[in-house]
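S.K.: Handing you this structure, nothing more for now.
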Amino acid sequence: MIHDVIRTRRTHKSYGPDPVPREVLVELFETARWAPNHHRTNPWRFRVLGPESLARLKEAAGPAEAPKLERAPTLVVASAVLSGDLIQDEEDVCATACAIYAVLLAAHGRGLASYWRTPRVLRSRAGREALAIPEGERALGLIHLGTPRSQPPVPERAPLETYVSYLP
């Protein structure tokens, strides 16, 4: 049931060595394309990093941040194509965030570990150039994927009444 998948998905920071097979990645991205999307603009873009693009990104990140890019055997940069219309762009960023979450949930449903990060390097000129992210696209994060090495603990969550209200 979807409730179980949502409630049991965790952020992983330790992975086994094997990359996620391409056919599994295709399934994850196929799931992502069903994310809610106003005007069906399909703004999401997923770039699976190979060794050369990862090396360029690590160089752009610098020695202090580069090791964090080595946690998972499969890395995917997720971005949203922007139109220049502020309202449409806001909707497209939200749709892309939903698509990213769909990837995380689909990965968990397949027994994979995941981690959605927003490293500074993706907002830098050097990082964008390293991955050929064009002007007019906003990088929303780096998705780490692989096999889990452990099960992270259940995180604390705020009580429901702290963020839900019913208006008359």
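Letters A, B, ... mark the chains of the structure tokens in the order given; residue numbers begin at 1 per chain; ligand numbers begin at 1, in order shown.
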List the neighbours of stretch 45-62 of chain A out to 6 Å using only C-alpha atoms; skip same-chain residues closer than 4 positions along the sequence, and give me the result as a JSON list (two decimals) with C-alpha atoms, in the first residue's frame.

M.R.:
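Dumped to selection15.json:
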```json
[["chain", "number", "residue", "atom", "x", "y", "z"],
["A", 66, "ALA", "CA", 33.62, 16.24, -3.65],
["A", 75, "LEU", "CA", 23.76, 9.83, -9.26],
["A", 76, "VAL", "CA", 20.99, 11.69, -11.08],
["A", 77, "VAL", "CA", 20.70, 15.45, -11.42],
["A", 78, "ALA", "CA", 17.09, 16.63, -11.52],
["A", 79, "SER", "CA", 16.19, 19.99, -12.98],
["A", 121, "VAL", "CA", 27.70, 23.01, -6.56],
["A", 126, "ALA", "CA", 31.08, 25.76, -12.48],
["A", 127, "GLY", "CA", 28.68, 22.99, -11.46],
["A", 130, "ALA", "CA", 30.26, 20.72, -15.64]]
```

S.K.: List the spatial neighbours of A:Ala99 as a VMD selection string - criterion: any atom at most 12 Å away, only C-alpha atoms, same-chain residues fewer than 2 positions off excluded.

M.R.: chain A and resid 28 to 37 42 to 46 78 to 80 92 to 97 101 to 106 116 140 to 141 143

S.K.: What does the distance from atom CA of A:Leu145 to atom CA of A:Pro19 come to in Å, to one decimal?

M.R.: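 Pair atom CA of A:Leu145 / atom CA of A:Pro19 returns 7.8 Å.
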
S.K.: Using the chain letters and numbers from this document, which residues of stretch 12-163 of chain A does DSSP assign to strand (DSSP E or B), as a compact mmCIF listing (two decimals) with N, CA and C atoms, in the first residue's frame?

M.R.:
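Output contents, as saved in states-v3.txt:
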```txt
# COMPACT_ATOMS: atom_id res chain seq x y z
N TYR A 15 25.77 3.19 0.73
CA TYR A 15 25.25 2.35 -0.35
C TYR A 15 26.21 1.22 -0.68
N TRP A 44 10.40 18.46 -16.02
CA TRP A 44 11.50 17.75 -15.36
C TRP A 44 12.51 17.23 -16.36
N ARG A 45 13.75 17.26 -15.93
CA ARG A 45 14.85 16.68 -16.69
C ARG A 45 15.70 15.88 -15.70
N PHE A 46 16.08 14.68 -16.11
CA PHE A 46 16.92 13.83 -15.28
C PHE A 46 18.19 13.50 -16.06
N ARG A 47 19.34 13.80 -15.46
CA ARG A 47 20.63 13.51 -16.07
C ARG A 47 21.35 12.48 -15.20
N VAL A 48 21.55 11.29 -15.74
CA VAL A 48 22.27 10.24 -15.02
C VAL A 48 23.76 10.47 -15.27
N THR A 74 25.03 5.45 -8.15
CA THR A 74 24.26 6.07 -9.23
C THR A 74 23.81 7.45 -8.76
N LEU A 75 24.15 8.45 -9.56
CA LEU A 75 23.76 9.83 -9.26
C LEU A 75 22.96 10.39 -10.42
N VAL A 76 21.88 11.10 -10.08
CA VAL A 76 20.99 11.69 -11.08
C VAL A 76 20.77 13.14 -10.70
N VAL A 77 21.01 14.04 -11.64
CA VAL A 77 20.70 15.45 -11.42
C VAL A 77 19.30 15.70 -11.96
N ALA A 78 18.46 16.29 -11.12
CA ALA A 78 17.09 16.63 -11.52
C ALA A 78 16.97 18.13 -11.65
N SER A 79 16.37 18.56 -12.76
CA SER A 79 16.19 19.99 -12.98
C SER A 79 14.83 20.24 -13.61
N ALA A 80 14.43 21.52 -13.56
CA ALA A 80 13.16 21.95 -14.15
C ALA A 80 13.44 22.96 -15.25
N VAL A 81 12.83 22.76 -16.40
CA VAL A 81 12.92 23.72 -17.49
C VAL A 81 11.96 24.86 -17.16
N ALA A 113 17.89 2.17 -2.09
CA ALA A 113 18.12 3.29 -1.17
C ALA A 113 18.21 4.56 -1.99
N SER A 114 17.84 5.69 -1.35
CA SER A 114 17.90 6.96 -2.07
C SER A 114 18.18 8.11 -1.11
N TYR A 115 18.56 9.23 -1.72
CA TYR A 115 18.88 10.44 -0.97
C TYR A 115 18.73 11.60 -1.93
N TRP A 116 17.91 12.57 -1.59
CA TRP A 116 17.72 13.76 -2.41
C TRP A 116 18.49 14.89 -1.75
N ARG A 117 19.55 15.34 -2.39
CA ARG A 117 20.39 16.42 -1.86
C ARG A 117 20.28 17.64 -2.75
N GLU A 137 17.12 26.53 -17.02
CA GLU A 137 16.82 25.33 -16.23
C GLU A 137 17.28 25.56 -14.82
N ARG A 138 16.48 25.11 -13.89
CA ARG A 138 16.83 25.22 -12.47
C ARG A 138 17.11 23.84 -11.91
N ALA A 139 18.32 23.63 -11.42
CA ALA A 139 18.68 22.35 -10.80
C ALA A 139 17.99 22.28 -9.45
N LEU A 140 17.23 21.21 -9.24
CA LEU A 140 16.51 21.03 -7.98
C LEU A 140 17.18 20.03 -7.06
N GLY A 141 18.15 19.31 -7.57
CA GLY A 141 18.84 18.42 -6.66
C GLY A 141 19.57 17.29 -7.33
N LEU A 142 20.25 16.58 -6.48
CA LEU A 142 21.02 15.41 -6.85
C LEU A 142 20.38 14.21 -6.15
N ILE A 143 20.00 13.22 -6.93
CA ILE A 143 19.39 12.02 -6.37
C ILE A 143 20.46 10.93 -6.32
N HIS A 144 20.73 10.44 -5.12
CA HIS A 144 21.66 9.32 -4.92
C HIS A 144 20.82 8.05 -4.93
N LEU A 145 21.25 7.04 -5.66
CA LEU A 145 20.52 5.77 -5.74
C LEU A 145 21.49 4.60 -5.64
N GLY A 146 21.04 3.52 -5.03
CA GLY A 146 21.84 2.31 -4.93
C GLY A 146 21.17 1.31 -4.00
N PRO A 148 20.82 -0.46 -0.36
CA PRO A 148 21.06 0.00 1.01
C PRO A 148 22.09 -0.86 1.73
```

S.K.: Restricting the calculation to only C-alpha atoms, which member of A:His108, A:Arg128, A:His38, A:Arg157 is positioned closest to A:Ile2?

M.R.: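 So, comparing all the options, the nearest one is A:His108.
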
S.K.: I'd like the interatomic distance between atom CA of A:Pro119 and atom CA of A:Glu27, to a tenth of an Å.

M.R.: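 Computing the Euclidean distance for atom CA of A:Pro119 and atom CA of A:Glu27 yields 25.3 Å.
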
S.K.: Please provide the set of residues having any atom within 8 Å of A:Ser14, restricted to only C-alpha atoms, with same-chain residues fewer than 6 positions apart removed, written as a PyMOL selection string.

M.R.: chain A and resi 71-72+148-150

S.K.: The selected residues should be written to file as a PDB file, in the first residue's frame (atoms: all heavy atoms).

M.R.:
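What follows is the written file out-v8.pdb:
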```pdb
ATOM      1  N   ARG A  71      29.044   9.014  -2.462  1.00  0.00           N
ATOM      2  CA  ARG A  71      28.299   8.138  -1.550  1.00  0.00           C
ATOM      3  C   ARG A  71      27.568   7.007  -2.260  1.00  0.00           C
ATOM      4  O   ARG A  71      27.518   5.899  -1.766  1.00  0.00           O
ATOM      5  CB  ARG A  71      27.275   8.958  -0.765  1.00  0.00           C
ATOM      6  CG  ARG A  71      27.877   9.815   0.293  1.00  0.00           C
ATOM      7  CD  ARG A  71      26.786  10.536   1.045  1.00  0.00           C
ATOM      8  NE  ARG A  71      27.376  11.286   2.141  1.00  0.00           N
ATOM      9  CZ  ARG A  71      26.870  12.403   2.607  1.00  0.00           C
ATOM     10  NH1 ARG A  71      25.759  12.901   2.097  1.00  0.00           N
ATOM     11  NH2 ARG A  71      27.453  13.025   3.611  1.00  0.00           N
ATOM     12  N   ALA A  72      26.944   7.327  -3.383  1.00  0.00           N
ATOM     13  CA  ALA A  72      26.110   6.339  -4.064  1.00  0.00           C
ATOM     14  C   ALA A  72      26.695   5.976  -5.422  1.00  0.00           C
ATOM     15  O   ALA A  72      27.349   6.800  -6.055  1.00  0.00           O
ATOM     16  CB  ALA A  72      24.697   6.890  -4.240  1.00  0.00           C
ATOM     17  N   PRO A 148      20.818  -0.456  -0.356  1.00  0.00           N
ATOM     18  CA  PRO A 148      21.062   0.002   1.013  1.00  0.00           C
ATOM     19  C   PRO A 148      22.087  -0.865   1.726  1.00  0.00           C
ATOM     20  O   PRO A 148      22.138  -2.067   1.524  1.00  0.00           O
ATOM     21  CB  PRO A 148      19.691  -0.116   1.677  1.00  0.00           C
ATOM     22  CG  PRO A 148      18.974  -1.156   0.893  1.00  0.00           C
ATOM     23  CD  PRO A 148      19.501  -1.081  -0.510  1.00  0.00           C
ATOM     24  N   ARG A 149      22.902  -0.217   2.556  1.00  0.00           N
ATOM     25  CA  ARG A 149      23.833  -0.951   3.424  1.00  0.00           C
ATOM     26  C   ARG A 149      23.267  -1.110   4.824  1.00  0.00           C
ATOM     27  O   ARG A 149      23.745  -1.932   5.588  1.00  0.00           O
ATOM     28  CB  ARG A 149      25.166  -0.214   3.493  1.00  0.00           C
ATOM     29  CG  ARG A 149      26.020  -0.445   2.292  1.00  0.00           C
ATOM     30  CD  ARG A 149      27.462  -0.168   2.635  1.00  0.00           C
ATOM     31  NE  ARG A 149      28.292  -0.644   1.548  1.00  0.00           N
ATOM     32  CZ  ARG A 149      29.442  -0.102   1.233  1.00  0.00           C
ATOM     33  NH1 ARG A 149      29.913   0.922   1.916  1.00  0.00           N
ATOM     34  NH2 ARG A 149      30.147  -0.577   0.244  1.00  0.00           N
ATOM     35  N   SER A 150      22.306  -0.269   5.174  1.00  0.00           N
ATOM     36  CA  SER A 150      21.692  -0.330   6.503  1.00  0.00           C
ATOM     37  C   SER A 150      20.311   0.303   6.409  1.00  0.00           C
ATOM     38  O   SER A 150      19.923   0.836   5.369  1.00  0.00           O
ATOM     39  CB  SER A 150      22.550   0.419   7.523  1.00  0.00           C
ATOM     40  OG  SER A 150      22.611   1.788   7.171  1.00  0.00           O
TER      41      SER A 150
END
```

S.K.: Write out as a ChimeraX atom specification the set of residues from chain A that DSSP, computed on the backbone, places in helix (DSSP H, G or I).

M.R.: /A:2-8,22-32,38-40,51-61,66-70,86-109,120-123,125-130,160-162

S.K.: Between atom CA of A:Val26 and atom CA of A:Ala107, what is the distance in Å, rounded to a tenth?

M.R.: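 Separation of atom CA of A:Val26 and atom CA of A:Ala107: 11.2 Å.
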